[in-house]
Structure formats: C-alpha cells, structure tokens
>>> print(open('input.cif').read())   # mmCIF, C-alpha atoms and all ligand atoms; chains and numbers go by the auth columns
data_run
loop_
_atom_site.group_PDB
_atom_site.id
_atom_site.type_symbol
_atom_site.label_atom_id
_atom_site.label_comp_id
_atom_site.label_asym_id
_atom_site.label_seq_id
_atom_site.Cartn_x
_atom_site.Cartn_y
_atom_site.Cartn_z
_atom_site.B_iso_or_equiv
_atom_site.auth_seq_id
_atom_site.auth_asym_id
ATOM 1 C CA MET A 1 4.974 -23.928 3.438 0.00 1 A
ATOM 2 C CA LYS A 2 5.330 -26.916 1.139 0.00 2 A
ATOM 3 C CA GLY A 3 8.673 -28.234 2.422 0.00 3 A
ATOM 4 C CA THR A 4 12.434 -27.824 2.529 0.00 4 A
ATOM 5 C CA ILE A 5 14.840 -27.698 -0.377 0.00 5 A
ATOM 6 C CA LEU A 6 18.502 -28.355 0.326 0.00 6 A
ATOM 7 C CA VAL A 7 21.088 -26.200 -1.413 0.00 7 A
ATOM 8 C CA VAL A 8 24.459 -27.910 -1.197 0.00 8 A
ATOM 9 C CA ASN A 9 27.647 -26.277 -2.436 0.00 9 A
ATOM 10 C CA GLY A 10 30.989 -28.037 -2.530 0.00 10 A
ATOM 11 C CA PRO A 11 34.642 -27.032 -2.500 0.00 11 A
ATOM 12 C CA ASN A 12 35.776 -23.525 -3.398 0.00 12 A
ATOM 13 C CA LEU A 13 32.249 -22.206 -3.820 0.00 13 A
ATOM 14 C CA ASN A 14 32.830 -20.216 -0.624 0.00 14 A
ATOM 15 C CA MET A 15 35.300 -18.288 -2.816 0.00 15 A
ATOM 16 C CA LEU A 16 32.674 -17.049 -5.282 0.00 16 A
ATOM 17 C CA GLY A 17 33.149 -13.364 -5.995 0.00 17 A
ATOM 18 C CA VAL A 18 36.907 -13.777 -5.561 0.00 18 A
ATOM 19 C CA ARG A 19 37.883 -16.871 -7.539 0.00 19 A
ATOM 20 C CA GLU A 20 38.128 -16.762 -11.355 0.00 20 A
ATOM 21 C CA VAL A 21 35.534 -14.007 -11.628 0.00 21 A
ATOM 22 C CA GLU A 22 35.548 -14.216 -15.434 0.00 22 A
ATOM 23 C CA LYS A 23 34.249 -17.804 -15.170 0.00 23 A
ATOM 24 C CA TYR A 24 32.095 -17.687 -12.052 0.00 24 A
ATOM 25 C CA GLY A 25 30.974 -14.066 -11.772 0.00 25 A
ATOM 26 C CA GLY A 26 31.507 -11.385 -9.169 0.00 26 A
ATOM 27 C CA LYS A 27 28.741 -12.254 -6.736 0.00 27 A
ATOM 28 C CA ASN A 28 29.530 -14.100 -3.530 0.00 28 A
ATOM 29 C CA LEU A 29 27.709 -17.208 -2.358 0.00 29 A
ATOM 30 C CA ASP A 30 25.791 -15.438 0.418 0.00 30 A
ATOM 31 C CA ALA A 31 24.352 -12.939 -2.064 0.00 31 A
ATOM 32 C CA ILE A 32 23.298 -15.741 -4.416 0.00 32 A
ATOM 33 C CA LEU A 33 21.745 -17.685 -1.528 0.00 33 A
ATOM 34 C CA ALA A 34 19.828 -14.608 -0.349 0.00 34 A
ATOM 35 C CA GLN A 35 18.274 -14.202 -3.795 0.00 35 A
ATOM 36 C CA LEU A 36 17.587 -17.926 -4.007 0.00 36 A
ATOM 37 C CA GLU A 37 15.855 -17.828 -0.646 0.00 37 A
ATOM 38 C CA GLU A 38 13.526 -15.088 -1.859 0.00 38 A
ATOM 39 C CA LYS A 39 12.724 -17.130 -4.921 0.00 39 A
ATOM 40 C CA ALA A 40 12.073 -20.221 -2.758 0.00 40 A
ATOM 41 C CA HIS A 41 9.726 -18.297 -0.464 0.00 41 A
ATOM 42 C CA GLY A 42 7.817 -17.091 -3.510 0.00 42 A
ATOM 43 C CA LEU A 43 7.333 -20.742 -4.440 0.00 43 A
ATOM 44 C CA ASP A 44 6.352 -21.529 -0.821 0.00 44 A
ATOM 45 C CA TYR A 45 9.487 -23.546 0.061 0.00 45 A
ATOM 46 C CA LYS A 46 12.112 -23.140 2.757 0.00 46 A
ATOM 47 C CA ILE A 47 15.797 -23.440 1.946 0.00 47 A
ATOM 48 C CA LYS A 48 18.424 -25.162 4.036 0.00 48 A
ATOM 49 C CA SER A 49 21.849 -24.375 2.639 0.00 49 A
ATOM 50 C CA PHE A 50 25.218 -25.946 3.286 0.00 50 A
ATOM 51 C CA GLN A 51 28.697 -25.371 1.901 0.00 51 A
ATOM 52 C CA SER A 52 31.783 -27.390 2.623 0.00 52 A
ATOM 53 C CA ASN A 53 35.221 -27.894 1.160 0.00 53 A
ATOM 54 C CA SER A 54 35.184 -31.407 2.544 0.00 54 A
ATOM 55 C CA GLU A 55 33.686 -34.405 0.763 0.00 55 A
ATOM 56 C CA GLY A 56 32.902 -36.195 4.046 0.00 56 A
ATOM 57 C CA GLU A 57 31.009 -33.219 5.462 0.00 57 A
ATOM 58 C CA MET A 58 28.930 -32.982 2.300 0.00 58 A
ATOM 59 C CA ILE A 59 28.107 -36.677 2.606 0.00 59 A
ATOM 60 C CA ASP A 60 27.170 -36.286 6.288 0.00 60 A
ATOM 61 C CA PHE A 61 24.837 -33.394 5.444 0.00 61 A
ATOM 62 C CA ILE A 62 23.158 -35.278 2.582 0.00 62 A
ATOM 63 C CA GLN A 63 22.692 -38.370 4.781 0.00 63 A
ATOM 64 C CA LEU A 64 21.268 -36.304 7.632 0.00 64 A
ATOM 65 C CA GLU A 65 18.950 -33.998 5.694 0.00 65 A
ATOM 66 C CA GLY A 66 18.273 -35.812 2.426 0.00 66 A
ATOM 67 C CA ARG A 67 15.467 -38.052 3.634 0.00 67 A
ATOM 68 C CA GLU A 68 13.235 -35.284 4.939 0.00 68 A
ATOM 69 C CA ALA A 69 13.843 -32.733 2.199 0.00 69 A
ATOM 70 C CA LYS A 70 11.607 -32.408 -0.848 0.00 70 A
ATOM 71 C CA GLY A 71 14.582 -31.929 -3.127 0.00 71 A
ATOM 72 C CA MET A 72 18.089 -30.572 -3.503 0.00 72 A
ATOM 73 C CA LEU A 73 20.125 -28.220 -5.658 0.00 73 A
ATOM 74 C CA LEU A 74 23.684 -29.515 -5.740 0.00 74 A
ATOM 75 C CA ASN A 75 26.776 -27.775 -7.008 0.00 75 A
ATOM 76 C CA ALA A 76 29.406 -30.278 -5.951 0.00 76 A
ATOM 77 C CA GLY A 77 32.225 -28.197 -7.494 0.00 77 A
ATOM 78 C CA ALA A 78 35.197 -30.335 -8.479 0.00 78 A
ATOM 79 C CA TYR A 79 33.739 -33.336 -6.589 0.00 79 A
ATOM 80 C CA THR A 80 31.252 -33.537 -9.446 0.00 80 A
ATOM 81 C CA HIS A 81 34.036 -35.037 -11.514 0.00 81 A
ATOM 82 C CA THR A 82 35.556 -37.316 -8.891 0.00 82 A
ATOM 83 C CA SER A 83 33.132 -38.387 -6.191 0.00 83 A
ATOM 84 C CA ILE A 84 31.464 -41.777 -6.310 0.00 84 A
ATOM 85 C CA ALA A 85 30.965 -41.329 -2.549 0.00 85 A
ATOM 86 C CA ILE A 86 28.689 -38.289 -2.961 0.00 86 A
ATOM 87 C CA ARG A 87 26.775 -40.174 -5.650 0.00 87 A
ATOM 88 C CA ASP A 88 26.301 -43.110 -3.259 0.00 88 A
ATOM 89 C CA ALA A 89 25.149 -40.802 -0.438 0.00 89 A
ATOM 90 C CA ILE A 90 22.457 -39.312 -2.684 0.00 90 A
ATOM 91 C CA LEU A 91 21.326 -42.776 -3.774 0.00 91 A
ATOM 92 C CA SER A 92 21.147 -43.926 -0.165 0.00 92 A
ATOM 93 C CA VAL A 93 18.632 -41.221 0.807 0.00 93 A
ATOM 94 C CA LYS A 94 16.947 -40.974 -2.621 0.00 94 A
ATOM 95 C CA VAL A 95 16.642 -37.180 -2.591 0.00 95 A
ATOM 96 C CA PRO A 96 15.570 -35.815 -6.006 0.00 96 A
ATOM 97 C CA PHE A 97 18.107 -33.235 -7.151 0.00 97 A
ATOM 98 C CA VAL A 98 19.172 -30.871 -9.881 0.00 98 A
ATOM 99 C CA GLU A 99 22.885 -30.653 -10.688 0.00 99 A
ATOM 100 C CA ILE A 100 23.992 -27.028 -10.852 0.00 100 A
ATOM 101 C CA HIS A 101 27.077 -25.385 -12.340 0.00 101 A
ATOM 102 C CA LEU A 102 27.768 -21.713 -12.848 0.00 102 A
ATOM 103 C CA SER A 103 30.045 -22.441 -15.803 0.00 103 A
ATOM 104 C CA ASN A 104 29.312 -24.674 -18.770 0.00 104 A
ATOM 105 C CA ILE A 105 31.254 -27.792 -17.761 0.00 105 A
ATOM 106 C CA PHE A 106 31.080 -29.080 -21.348 0.00 106 A
ATOM 107 C CA ASN A 107 33.062 -26.257 -22.974 0.00 107 A
ATOM 108 C CA ARG A 108 35.987 -26.268 -20.549 0.00 108 A
ATOM 109 C CA GLU A 109 38.791 -28.741 -19.856 0.00 109 A
ATOM 110 C CA HIS A 110 37.911 -32.252 -20.983 0.00 110 A
ATOM 111 C CA PHE A 111 38.089 -33.639 -17.416 0.00 111 A
ATOM 112 C CA ARG A 112 35.147 -31.410 -16.422 0.00 112 A
ATOM 113 C CA SER A 113 32.820 -32.904 -18.991 0.00 113 A
ATOM 114 C CA HIS A 114 32.389 -36.100 -16.982 0.00 114 A
ATOM 115 C CA SER A 115 30.097 -35.988 -13.966 0.00 115 A
ATOM 116 C CA PHE A 116 29.470 -38.822 -11.518 0.00 116 A
ATOM 117 C CA LEU A 117 26.127 -37.191 -10.698 0.00 117 A
ATOM 118 C CA SER A 118 24.369 -36.310 -13.956 0.00 118 A
ATOM 119 C CA ASP A 119 22.803 -39.685 -14.717 0.00 119 A
ATOM 120 C CA ILE A 120 21.094 -39.815 -11.305 0.00 120 A
ATOM 121 C CA ALA A 121 20.006 -36.131 -11.367 0.00 121 A
ATOM 122 C CA LEU A 122 16.551 -34.975 -12.450 0.00 122 A
ATOM 123 C CA GLY A 123 18.416 -32.596 -14.734 0.00 123 A
ATOM 124 C CA ILE A 124 21.494 -30.421 -15.102 0.00 124 A
ATOM 125 C CA ILE A 125 21.728 -26.645 -15.351 0.00 125 A
ATOM 126 C CA SER A 126 25.188 -25.518 -16.372 0.00 126 A
ATOM 127 C CA GLY A 127 26.576 -22.324 -17.826 0.00 127 A
ATOM 128 C CA PHE A 128 24.227 -19.562 -16.717 0.00 128 A
ATOM 129 C CA GLY A 129 26.269 -18.120 -13.866 0.00 129 A
ATOM 130 C CA GLU A 130 24.225 -17.338 -10.758 0.00 130 A
ATOM 131 C CA ASN A 131 21.077 -17.818 -12.847 0.00 131 A
ATOM 132 C CA SER A 132 21.837 -21.555 -12.882 0.00 132 A
ATOM 133 C CA TYR A 133 20.689 -21.613 -9.240 0.00 133 A
ATOM 134 C CA TYR A 134 17.546 -19.549 -9.861 0.00 134 A
ATOM 135 C CA LEU A 135 16.583 -21.577 -12.919 0.00 135 A
ATOM 136 C CA GLY A 136 17.378 -24.711 -10.961 0.00 136 A
ATOM 137 C CA ILE A 137 14.944 -24.021 -8.151 0.00 137 A
ATOM 138 C CA SER A 138 12.046 -23.348 -10.526 0.00 138 A
ATOM 139 C CA ALA A 139 12.802 -26.476 -12.500 0.00 139 A
ATOM 140 C CA LEU A 140 13.179 -28.585 -9.346 0.00 140 A
ATOM 141 C CA VAL A 141 9.932 -27.382 -7.764 0.00 141 A
ATOM 142 C CA ASP A 142 8.084 -27.858 -11.024 0.00 142 A
ATOM 143 C CA LEU A 143 9.277 -31.460 -11.315 0.00 143 A
ATOM 144 C CA ILE A 144 8.736 -32.485 -7.682 0.00 144 A
ATOM 145 C CA GLU A 145 5.222 -31.072 -7.712 0.00 145 A
ATOM 146 C CA LYS A 146 4.386 -32.903 -10.927 0.00 146 A
ATOM 147 C CA ARG A 147 5.655 -36.174 -9.454 0.00 147 A
ATOM 148 C CA SER A 148 3.608 -35.973 -6.242 0.00 148 A
HETATM 149 C C1 LIG B . 31.684 -25.701 -11.053 0.00 1 B
HETATM 150 C C2 LIG B . 32.432 -26.394 -12.188 0.00 1 B
HETATM 151 C C3 LIG B . 33.461 -27.358 -11.632 0.00 1 B
HETATM 152 O O1 LIG B . 34.163 -27.990 -12.703 0.00 1 B
HETATM 153 C C4 LIG B . 34.465 -26.616 -10.770 0.00 1 B
HETATM 154 O O2 LIG B . 35.387 -27.513 -10.204 0.00 1 B
HETATM 155 C C5 LIG B . 33.816 -25.783 -9.733 0.00 1 B
HETATM 156 C C6 LIG B . 32.621 -25.021 -10.084 0.00 1 B
HETATM 157 C C7 LIG B . 30.706 -24.620 -11.580 0.00 1 B
HETATM 158 O O3 LIG B . 29.841 -24.184 -10.823 0.00 1 B
HETATM 159 O O4 LIG B . 30.828 -24.180 -12.729 0.00 1 B
HETATM 160 O O5 LIG B . 34.309 -25.654 -8.609 0.00 1 B
HETATM 161 O O6 LIG B . 30.905 -26.675 -10.363 0.00 1 B
#
>>> encode(input="input.cif", output="structure tokens")
Amino acid sequence: MKGTILVVNGPNLNMLGVREVEKYGGKNLDAILAQLEEKAHGLDYKIKSFQSNSEGEMIDFIQLEGREAKGMLLNAGAYTHTSIAIRDAILSVKVPFVEIHLSNIFNREHFRSHSFLSDIALGIISGFGENSYYLGISALVDLIEKRS
C-alpha cells in the first residue's frame, strides 16, 4: 500500500441522489465512495473519506489528517466559493489536492465561477458528474507519483 488519500466532501453532498438530481446525478455519496475505494485499491492506495456540512469540521479534519496523507480529493461544495478558512487550512498542512465538482461550476450562476481553492489546487475536475471523482483520483495519483 502506497499511502492514504483523503476524500473530503462539504455541505449538502450527503444529499447526493436526492438533491437536484438533474445537476448532480442520482447516485448517493456512499455509492460513489464505494466505487472510488475500489479504484483507489487498484492503484494501491487507501481512502479516508469525510463529509461534513460544517466548515469548522472540515478544517479540523484537514488539519488532523492532511499532514500524513499523500493527497486529497476535495469537493468543498458551496464553501468552494466562500471559504478562505478552508484554503488556509490546506496551506497550513500543504496537502496536494485536486478540486472536484460534479457540475461544471463555470456554466452555472456567476457566483459559482469563483473558487477560493483553484489556484492552490494541483488541478480542477468539474462537470463530469460522479466521474469527476474517478478521474480525479487517477489524475491525483499520477501527479503525486511523478513528484516523488
Ligand atoms: C458542487 C458545486 C457547488 O457550486 C455547489 O455549491 C455544490 C456542489 C459540485 O459538485 O458541482 O454543493 O461543488
């Protein structure tokens, strides 16, 4: 096993499969995480996943786990567009991460096209539904292995 990858999901992502299905798809978060876990095992990584509707809890998790982990997939939900505090937490532990969105944040309301995270991310995957997560893990592993 090559290490742990954090998968952090923010507010309302516990409602996947129920909320705005036309935008986010019909699959719930547990089903997506199960598939992601299989993919991670195939790449020889372990996943540690966390979801919270609370900004502070997300920050606590990133502070606690971010230093040991090899990398992180982060869908911060609406905090993407508001949270300098999550940005600062990531910078404080220096965990390399890929910013994930199910929807394409650039073809929706204007306020979604700004992210406080993108410029410190390795990259962004946005608009591919659940596949954003699966593409994200391959891209993340590829990059972290090239860097080490
Ligand atoms: C989202 C996009 C955000 O703008 C929104 O607030 C979400 C989900 C996505 O995965 O497409 O909660 O991060």
>>> closest_residue(input="input.cif", among="A:Glu22, A:Leu73, A:Lys46, A:Gly56", to="A:Tyr134", atoms="all atoms listed in the file")
A:Leu73
>>> residues_near_ligand(input="input.cif", ligand="ligand LIG 1 (chain B)", cutoff="7 Å", atoms="only C-alpha atoms and all ligand atoms", output="list in words")
Pro11, Asn12, Leu13, Tyr24, Asn75, Ala76, Gly77, Ala78, Thr80, Ile100, His101, Leu102, Ser103, Asn104, Ile105, Arg112, Ser126 and Gly127 of chain A
>>> resolve_selection(input="input.cif", expression="the PyMOL selection byres (((chain A and resi 6) around 6) and not hetatm)", output="list in words")
Ile5, Val7, Ile47, Lys48, Ser49 and Met72 of chain A
>>> closest_residue(input="input.cif", among="A:Glu130, A:Ala69, A:Ser118, A:Ser54", to="A:Val21", atoms="all atoms listed in the file")
A:Glu130
>>> closest_residue(input="input.cif", among="A:Asp30, A:Asp44, A:Asp119, A:Glu109", to="A:Arg87", atoms="all atoms listed in the file")
A:Asp119
>>> residues_around(input="input.cif", residues="stretch 88-92 of chain A", least_positions_apart="6", cutoff="10 Å", atoms="all atoms listed in the file", output="ChimeraX atom specification")
/A:58-63,66-67,72,116-117,120-121
>>> closest_atom_pairs(input="input.cif", of="stretch 17-119 of chain A", to="stretch 135-147 of chain A", cutoff="8 Å", atoms="all atoms listed in the file", output="CSV")
residue,atom,partner,partner_atom,distance
A:Leu36,CA,A:Ile137,CA,7.8
A:Lys39,CA,A:Ile137,CA,7.9
A:Ala40,CA,A:Ile137,CA,7.2
A:Leu43,CA,A:Val141,CA,7.9
A:Lys70,CA,A:Ile144,CA,7.4
A:Gly71,CA,A:Leu140,CA,7.2
A:Met72,CA,A:Leu140,CA,7.9
A:Leu73,CA,A:Gly136,CA,6.9
A:Pro96,CA,A:Ile144,CA,7.8
A:Phe97,CA,A:Leu140,CA,7.1
A:Val98,CA,A:Leu140,CA,6.4
A:Ile100,CA,A:Gly136,CA,7.0
>>> atom_distance(input="input.cif", atom1="atom CA of A:Ser83", atom2="atom CA of A:Asn9")
13.8 Å
>>> residues_near_point(input="input.cif", point="(11.6, -31.1, 5.8)", cutoff="6 Å", atoms="all atoms listed in the file", output="MDAnalysis selection string")
chainID A and resid 3:4 68:69
>>> write_last_selection(input="input.cif", atoms="C-alpha atoms", output="PDB file, keeping the file's coordinate frame")
ATOM      1  CA  GLY A   3       8.673 -28.234   2.422  1.00  0.00           C
ATOM      2  CA  THR A   4      12.434 -27.824   2.529  1.00  0.00           C
ATOM      3  CA  GLU A  68      13.235 -35.284   4.939  1.00  0.00           C
ATOM      4  CA  ALA A  69      13.843 -32.733   2.199  1.00  0.00           C
TER       5      ALA A  69
END
>>> closest_residue(input="input.cif", among="A:Ala31, A:Ile86, A:Leu16, A:Val93", to="A:Glu65", atoms="only C-alpha atoms")
A:Val93
>>> build_atoms(input="input.cif", residues="stretch 78-89 of chain A", atoms="all heavy atoms", output="PDB file, keeping the file's coordinate frame")
ATOM      1  N   ALA A  78      34.314 -29.351  -7.836  1.00  0.00           N
ATOM      2  CA  ALA A  78      35.197 -30.335  -8.479  1.00  0.00           C
ATOM      3  C   ALA A  78      34.852 -31.780  -8.086  1.00  0.00           C
ATOM      4  O   ALA A  78      35.193 -32.722  -8.820  1.00  0.00           O
ATOM      5  CB  ALA A  78      36.649 -30.032  -8.136  1.00  0.00           C
ATOM      6  N   TYR A  79      34.146 -31.969  -6.957  1.00  0.00           N
ATOM      7  CA  TYR A  79      33.739 -33.336  -6.589  1.00  0.00           C
ATOM      8  C   TYR A  79      32.748 -33.933  -7.590  1.00  0.00           C
ATOM      9  O   TYR A  79      32.583 -35.150  -7.651  1.00  0.00           O
ATOM     10  CB  TYR A  79      33.142 -33.374  -5.176  1.00  0.00           C
ATOM     11  CG  TYR A  79      34.145 -33.184  -4.074  1.00  0.00           C
ATOM     12  CD1 TYR A  79      33.839 -32.421  -2.951  1.00  0.00           C
ATOM     13  CD2 TYR A  79      35.408 -33.774  -4.140  1.00  0.00           C
ATOM     14  CE1 TYR A  79      34.759 -32.239  -1.929  1.00  0.00           C
ATOM     15  CE2 TYR A  79      36.332 -33.590  -3.128  1.00  0.00           C
ATOM     16  CZ  TYR A  79      36.006 -32.821  -2.022  1.00  0.00           C
ATOM     17  OH  TYR A  79      36.915 -32.644  -1.011  1.00  0.00           O
ATOM     18  N   THR A  80      32.114 -33.065  -8.356  1.00  0.00           N
ATOM     19  CA  THR A  80      31.252 -33.537  -9.446  1.00  0.00           C
ATOM     20  C   THR A  80      31.993 -34.566 -10.315  1.00  0.00           C
ATOM     21  O   THR A  80      31.418 -35.564 -10.745  1.00  0.00           O
ATOM     22  CB  THR A  80      30.899 -32.337 -10.379  1.00  0.00           C
ATOM     23  OG1 THR A  80      30.316 -31.311  -9.595  1.00  0.00           O
ATOM     24  CG2 THR A  80      30.003 -32.754 -11.518  1.00  0.00           C
ATOM     25  N   HIS A  81      33.262 -34.268 -10.540  1.00  0.00           N
ATOM     26  CA  HIS A  81      34.036 -35.037 -11.514  1.00  0.00           C
ATOM     27  C   HIS A  81      34.815 -36.184 -10.887  1.00  0.00           C
ATOM     28  O   HIS A  81      35.511 -36.921 -11.594  1.00  0.00           O
ATOM     29  CB  HIS A  81      35.014 -34.096 -12.248  1.00  0.00           C
ATOM     30  CG  HIS A  81      34.414 -32.772 -12.601  1.00  0.00           C
ATOM     31  ND1 HIS A  81      33.341 -32.665 -13.470  1.00  0.00           N
ATOM     32  CD2 HIS A  81      34.682 -31.505 -12.187  1.00  0.00           C
ATOM     33  CE1 HIS A  81      33.006 -31.375 -13.565  1.00  0.00           C
ATOM     34  NE2 HIS A  81      33.795 -30.661 -12.805  1.00  0.00           N
ATOM     35  N   THR A  82      34.724 -36.301  -9.567  1.00  0.00           N
ATOM     36  CA  THR A  82      35.556 -37.316  -8.891  1.00  0.00           C
ATOM     37  C   THR A  82      34.807 -38.209  -7.910  1.00  0.00           C
ATOM     38  O   THR A  82      35.309 -39.280  -7.565  1.00  0.00           O
ATOM     39  CB  THR A  82      36.689 -36.632  -8.078  1.00  0.00           C
ATOM     40  OG1 THR A  82      36.104 -35.817  -7.051  1.00  0.00           O
ATOM     41  CG2 THR A  82      37.590 -35.790  -8.964  1.00  0.00           C
ATOM     42  N   SER A  83      33.638 -37.754  -7.414  1.00  0.00           N
ATOM     43  CA  SER A  83      33.132 -38.387  -6.191  1.00  0.00           C
ATOM     44  C   SER A  83      32.033 -39.435  -6.390  1.00  0.00           C
ATOM     45  O   SER A  83      30.848 -39.109  -6.526  1.00  0.00           O
ATOM     46  CB  SER A  83      32.632 -37.328  -5.206  1.00  0.00           C
ATOM     47  OG  SER A  83      32.207 -37.972  -4.016  1.00  0.00           O
ATOM     48  N   ILE A  84      32.433 -40.674  -6.341  1.00  0.00           N
ATOM     49  CA  ILE A  84      31.464 -41.777  -6.310  1.00  0.00           C
ATOM     50  C   ILE A  84      30.787 -41.792  -4.940  1.00  0.00           C
ATOM     51  O   ILE A  84      29.625 -42.175  -4.800  1.00  0.00           O
ATOM     52  CB  ILE A  84      32.173 -43.119  -6.599  1.00  0.00           C
ATOM     53  CG1 ILE A  84      32.778 -43.101  -8.006  1.00  0.00           C
ATOM     54  CG2 ILE A  84      31.205 -44.302  -6.461  1.00  0.00           C
ATOM     55  CD1 ILE A  84      33.717 -44.250  -8.297  1.00  0.00           C
ATOM     56  N   ALA A  85      31.506 -41.315  -3.916  1.00  0.00           N
ATOM     57  CA  ALA A  85      30.965 -41.329  -2.549  1.00  0.00           C
ATOM     58  C   ALA A  85      29.777 -40.374  -2.402  1.00  0.00           C
ATOM     59  O   ALA A  85      28.787 -40.710  -1.732  1.00  0.00           O
ATOM     60  CB  ALA A  85      32.069 -40.978  -1.554  1.00  0.00           C
ATOM     61  N   ILE A  86      29.842 -39.210  -3.023  1.00  0.00           N
ATOM     62  CA  ILE A  86      28.689 -38.289  -2.961  1.00  0.00           C
ATOM     63  C   ILE A  86      27.524 -38.897  -3.747  1.00  0.00           C
ATOM     64  O   ILE A  86      26.378 -38.863  -3.304  1.00  0.00           O
ATOM     65  CB  ILE A  86      29.081 -36.876  -3.461  1.00  0.00           C
ATOM     66  CG1 ILE A  86      30.030 -36.224  -2.446  1.00  0.00           C
ATOM     67  CG2 ILE A  86      27.834 -36.005  -3.674  1.00  0.00           C
ATOM     68  CD1 ILE A  86      30.578 -34.861  -2.845  1.00  0.00           C
ATOM     69  N   ARG A  87      27.820 -39.475  -4.867  1.00  0.00           N
ATOM     70  CA  ARG A  87      26.775 -40.174  -5.650  1.00  0.00           C
ATOM     71  C   ARG A  87      26.083 -41.228  -4.772  1.00  0.00           C
ATOM     72  O   ARG A  87      24.855 -41.295  -4.714  1.00  0.00           O
ATOM     73  CB  ARG A  87      27.438 -40.835  -6.871  1.00  0.00           C
ATOM     74  CG  ARG A  87      26.505 -41.711  -7.688  1.00  0.00           C
ATOM     75  CD  ARG A  87      27.292 -42.568  -8.685  1.00  0.00           C
ATOM     76  NE  ARG A  87      26.391 -43.442  -9.411  1.00  0.00           N
ATOM     77  CZ  ARG A  87      25.845 -43.146 -10.573  1.00  0.00           C
ATOM     78  NH1 ARG A  87      26.105 -42.006 -11.170  1.00  0.00           N
ATOM     79  NH2 ARG A  87      25.021 -43.994 -11.153  1.00  0.00           N
ATOM     80  N   ASP A  88      26.875 -42.040  -4.081  1.00  0.00           N
ATOM     81  CA  ASP A  88      26.301 -43.110  -3.259  1.00  0.00           C
ATOM     82  C   ASP A  88      25.475 -42.558  -2.095  1.00  0.00           C
ATOM     83  O   ASP A  88      24.447 -43.136  -1.730  1.00  0.00           O
ATOM     84  CB  ASP A  88      27.418 -44.015  -2.711  1.00  0.00           C
ATOM     85  CG  ASP A  88      28.007 -44.920  -3.785  1.00  0.00           C
ATOM     86  OD1 ASP A  88      27.426 -44.991  -4.894  1.00  0.00           O
ATOM     87  OD2 ASP A  88      29.049 -45.549  -3.525  1.00  0.00           O
ATOM     88  N   ALA A  89      25.910 -41.429  -1.532  1.00  0.00           N
ATOM     89  CA  ALA A  89      25.149 -40.802  -0.438  1.00  0.00           C
ATOM     90  C   ALA A  89      23.773 -40.364  -0.943  1.00  0.00           C
ATOM     91  O   ALA A  89      22.756 -40.577  -0.269  1.00  0.00           O
ATOM     92  CB  ALA A  89      25.918 -39.603   0.118  1.00  0.00           C
TER      93      ALA A  89
END
